[in-house]
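Shown next, in structure tokens, is the structure this report addresses.
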Amino acid sequence: MSLTLAAIDSIKPLAAIGAGLVTIGAGMGIGRLAASALEGIARQPEASGKIQTAMLIAAALIEGVALFCAVICIMSF
Amino acid sequence: MASGSENGEINMMEQVQSWIFSHVLDNHDYVALGPLKVLVLDGKGKFPFSLHLFALIIGVLFLFYLFLVRYNRDTSKAPTGITNFLESIVLFVRNDICIEYIGEADGRRLAPWFLTFFFTIITLNLMGLIPGFTTVTGNLMFTAALGVVVFFFMTVYVVWRNGPMGWFSAFVPHGVPKIILLLVTPLEILGVAIKSLVLALRLFANLLAGHLVLFNMIGLMVVFGVAAAPAIFLALFVFFLEILVSCLQAYIFTMLAALFVAQVLHPEH
């Protein structure tokens, strides 16, 4: 199929679907992280400061990976 | 009638999208910068004094004012006011990021660099949340420049301090058979470039995406009028999330830069 402008325009909904898939991955990853962090705080309330710091750092890293692909979806929209 | 209102909405949506992208990306034809066109140095049609450059200059001047004019370096008395506030952040970055990852001597030596990065990134991030300003760190070229500085420190600085063989020995892990070393060492050396690039990309993607979501929420209210009134609360929530993400991404960038430099400067054996 020749890459006419109309053909490229018709791929735009796929970029939106891709962005949704990326959000599934990010949500699952950060959800598991939050579950482990909450369980750790419940077991040892005195370590909650360290657990919170580690949780925030890991959440930012996971979200970074998800946003790499979100930017690709924005660029191809 | 239905197609008429749909046409009007689609037209409005395109206008909103073009407004959003002209405010988030680097804009060379920004209307308010019209009087500055006399500063054009090259004779071509493009106006090189762009929106992000303007915001960057304002942010840097604000940082200079904050640290050179208002910061009180008198160490004989206890710090008060804004010196107290800034010094608590300075000590946090120096102790919990530089010295913890790189060690005492090298940590103190490299602390000015990390402090510059941290305060630059957090100031530019938070400036983007002020209505009318733009986020300079949402520009891939700016964060790539920050990544290039990290790359410089991971290669040239380490070679200068440890020598070329010292730099190379950071990529050769101990206790692995020789045949795996042939595979792992090139990957580790490639990892230096990849880590710097990924640092830049993470900061850029986080800030760009956050601002696009915020602007699109407000754009919903512009396009659909009163029917999108609950979008106000969603936009407010995203705004507060953006404040958290700005501070967190500055900390993450500085911490990962310190971690990567420490891995190459002091390889653990």
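Numbering starts fresh at 1 for the residues of each chain in the structure tokens, the chains themselves are lettered A, B, ... in the order given, and ligands are numbered from 1 as they appear.
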Requested in this report: Could you find all residues in chain A that DSSP calls alpha helix (DSSP H) from the backbone, and write them as a ChimeraX atom specification?
Outcome: /A:5-9,12-43,48-75
Query raised in the report: Near segment 53-55 of chain A, counting only C-alpha atoms, which residues have an atom at most 8 Å away, once you skip same-chain residues fewer than 4 positions from it, shown as an MDAnalysis selection string?
Result: chainID A and resid 33:34 37 49 59
Can those selected residues be exported to a file as a PDB file, in the first residue's frame so that it contains C-alpha atoms?
```pdb
ATOM      1  CA  LEU A  33       4.979  -1.858  43.610  1.00  0.00           C
ATOM      2  CA  ALA A  34       2.419  -0.125  45.797  1.00  0.00           C
ATOM      3  CA  ALA A  37       5.345  -1.220  49.740  1.00  0.00           C
ATOM      4  CA  GLY A  49      10.280   6.300  55.910  1.00  0.00           C
ATOM      5  CA  ALA A  59       7.569   4.529  40.803  1.00  0.00           C
TER       6      ALA A  59
END
```
Each chain A residue no farther than 10 Å from chain B, nearest pair in Å, only C-alpha atoms, as JSON lines:
```
{"residue": "A:Leu56", "atom": "CA", "partner": "B:Leu248", "partner_atom": "CA", "distance": 8.0}
{"residue": "A:Ile57", "atom": "CA", "partner": "B:Ile252", "partner_atom": "CA", "distance": 6.8}
{"residue": "A:Ala58", "atom": "CA", "partner": "B:Ile252", "partner_atom": "CA", "distance": 9.6}
{"residue": "A:Ala60", "atom": "CA", "partner": "B:Gln249", "partner_atom": "CA", "distance": 7.3}
{"residue": "A:Leu61", "atom": "CA", "partner": "B:Ile252", "partner_atom": "CA", "distance": 8.1}
{"residue": "A:Glu63", "atom": "CA", "partner": "B:Asn206", "partner_atom": "CA", "distance": 7.9}
{"residue": "A:Gly64", "atom": "CA", "partner": "B:Arg202", "partner_atom": "CA", "distance": 5.0}
{"residue": "A:Val65", "atom": "CA", "partner": "B:Arg202", "partner_atom": "CA", "distance": 7.4}
{"residue": "A:Ala66", "atom": "CA", "partner": "B:Ala205", "partner_atom": "CA", "distance": 9.2}
{"residue": "A:Leu67", "atom": "CA", "partner": "B:Ala205", "partner_atom": "CA", "distance": 5.6}
{"residue": "A:Phe68", "atom": "CA", "partner": "B:Ala205", "partner_atom": "CA", "distance": 6.1}
{"residue": "A:Cys69", "atom": "CA", "partner": "B:Ala205", "partner_atom": "CA", "distance": 9.0}
{"residue": "A:Ala70", "atom": "CA", "partner": "B:Ala209", "partner_atom": "CA", "distance": 7.7}
{"residue": "A:Val71", "atom": "CA", "partner": "B:Ala205", "partner_atom": "CA", "distance": 6.2}
{"residue": "A:Ile72", "atom": "CA", "partner": "B:Ala205", "partner_atom": "CA", "distance": 9.6}
{"residue": "A:Ile74", "atom": "CA", "partner": "B:Ala209", "partner_atom": "CA", "distance": 8.8}
```
Would you save the residues of that selection, restricted to N, CA and C atoms, as a PDB file, in the first residue's frame?
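Produced file selection.pdb, reproduced below:
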```pdb
ATOM      1  N   LEU A  56       8.850   5.734  46.060  1.00  0.00           N
ATOM      2  CA  LEU A  56       8.739   6.881  45.147  1.00  0.00           C
ATOM      3  C   LEU A  56       9.763   6.794  44.035  1.00  0.00           C
ATOM      4  N   ILE A  57      10.984   6.378  44.393  1.00  0.00           N
ATOM      5  CA  ILE A  57      12.026   6.293  43.371  1.00  0.00           C
ATOM      6  C   ILE A  57      11.664   5.247  42.339  1.00  0.00           C
ATOM      7  N   ALA A  58      11.239   4.065  42.798  1.00  0.00           N
ATOM      8  CA  ALA A  58      10.903   2.999  41.851  1.00  0.00           C
ATOM      9  C   ALA A  58       9.707   3.392  40.989  1.00  0.00           C
ATOM     10  N   ALA A  60       8.930   6.396  40.019  1.00  0.00           N
ATOM     11  CA  ALA A  60       9.372   7.344  38.990  1.00  0.00           C
ATOM     12  C   ALA A  60      10.091   6.629  37.862  1.00  0.00           C
ATOM     13  N   LEU A  61      10.866   5.581  38.197  1.00  0.00           N
ATOM     14  CA  LEU A  61      11.591   4.865  37.152  1.00  0.00           C
ATOM     15  C   LEU A  61      10.627   4.088  36.262  1.00  0.00           C
ATOM     16  N   GLU A  63       7.510   4.760  35.758  1.00  0.00           N
ATOM     17  CA  GLU A  63       6.739   5.702  34.964  1.00  0.00           C
ATOM     18  C   GLU A  63       7.576   6.272  33.825  1.00  0.00           C
ATOM     19  N   GLY A  64       8.898   6.377  34.049  1.00  0.00           N
ATOM     20  CA  GLY A  64       9.761   6.857  32.978  1.00  0.00           C
ATOM     21  C   GLY A  64       9.717   5.943  31.767  1.00  0.00           C
ATOM     22  N   VAL A  65       9.771   4.622  32.029  1.00  0.00           N
ATOM     23  CA  VAL A  65       9.713   3.661  30.926  1.00  0.00           C
ATOM     24  C   VAL A  65       8.388   3.777  30.190  1.00  0.00           C
ATOM     25  N   ALA A  66       7.302   3.914  30.958  1.00  0.00           N
ATOM     26  CA  ALA A  66       5.995   4.034  30.310  1.00  0.00           C
ATOM     27  C   ALA A  66       5.908   5.301  29.480  1.00  0.00           C
ATOM     28  N   LEU A  67       6.530   6.370  29.957  1.00  0.00           N
ATOM     29  CA  LEU A  67       6.410   7.629  29.225  1.00  0.00           C
ATOM     30  C   LEU A  67       7.296   7.666  27.997  1.00  0.00           C
ATOM     31  N   PHE A  68       8.352   6.810  27.921  1.00  0.00           N
ATOM     32  CA  PHE A  68       9.107   6.739  26.674  1.00  0.00           C
ATOM     33  C   PHE A  68       8.159   6.409  25.532  1.00  0.00           C
ATOM     34  N   CYS A  69       7.356   5.345  25.736  1.00  0.00           N
ATOM     35  CA  CYS A  69       6.468   4.913  24.664  1.00  0.00           C
ATOM     36  C   CYS A  69       5.298   5.868  24.498  1.00  0.00           C
ATOM     37  N   ALA A  70       4.914   6.547  25.579  1.00  0.00           N
ATOM     38  CA  ALA A  70       3.836   7.536  25.427  1.00  0.00           C
ATOM     39  C   ALA A  70       4.287   8.664  24.515  1.00  0.00           C
ATOM     40  N   VAL A  71       5.564   9.050  24.623  1.00  0.00           N
ATOM     41  CA  VAL A  71       6.058  10.108  23.745  1.00  0.00           C
ATOM     42  C   VAL A  71       6.084   9.649  22.301  1.00  0.00           C
ATOM     43  N   ILE A  72       6.426   8.359  22.074  1.00  0.00           N
ATOM     44  CA  ILE A  72       6.400   7.841  20.703  1.00  0.00           C
ATOM     45  C   ILE A  72       4.985   7.876  20.159  1.00  0.00           C
ATOM     46  N   ILE A  74       2.670   9.994  21.023  1.00  0.00           N
ATOM     47  CA  ILE A  74       2.322  11.382  20.736  1.00  0.00           C
ATOM     48  C   ILE A  74       2.939  11.804  19.425  1.00  0.00           C
TER      49      ILE A  74
END
```
**Report entry** For Leu124 of chain B: contacts at 12 Å, only C-alpha atoms, fewer than 3 positions along chain excluded, given as a count of residues only
**Finding:** 39
Requested in this report: Could you give me, as a ChimeraX atom specification, the residues within 12 Å of Leu21 of chain A, counting only C-alpha atoms and dropping anything in the same chain fewer than 3 positions from it?
Outcome: /A:14-18,24-28,66-67,69-70,73
Query - Within 12 Å of Asn95 of chain B using only C-alpha atoms, minus same-chain residues under 2 positions, as a ChimeraX atom specification - result: /B:87-93,97-104,107-108,110-111,114-115,255,258
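Distance check against Ser18 of chain B using only C-alpha atoms: of B:Ser169, B:Ser76, B:Thr83, B:Asn216, the minimum falls on B:Asn216.
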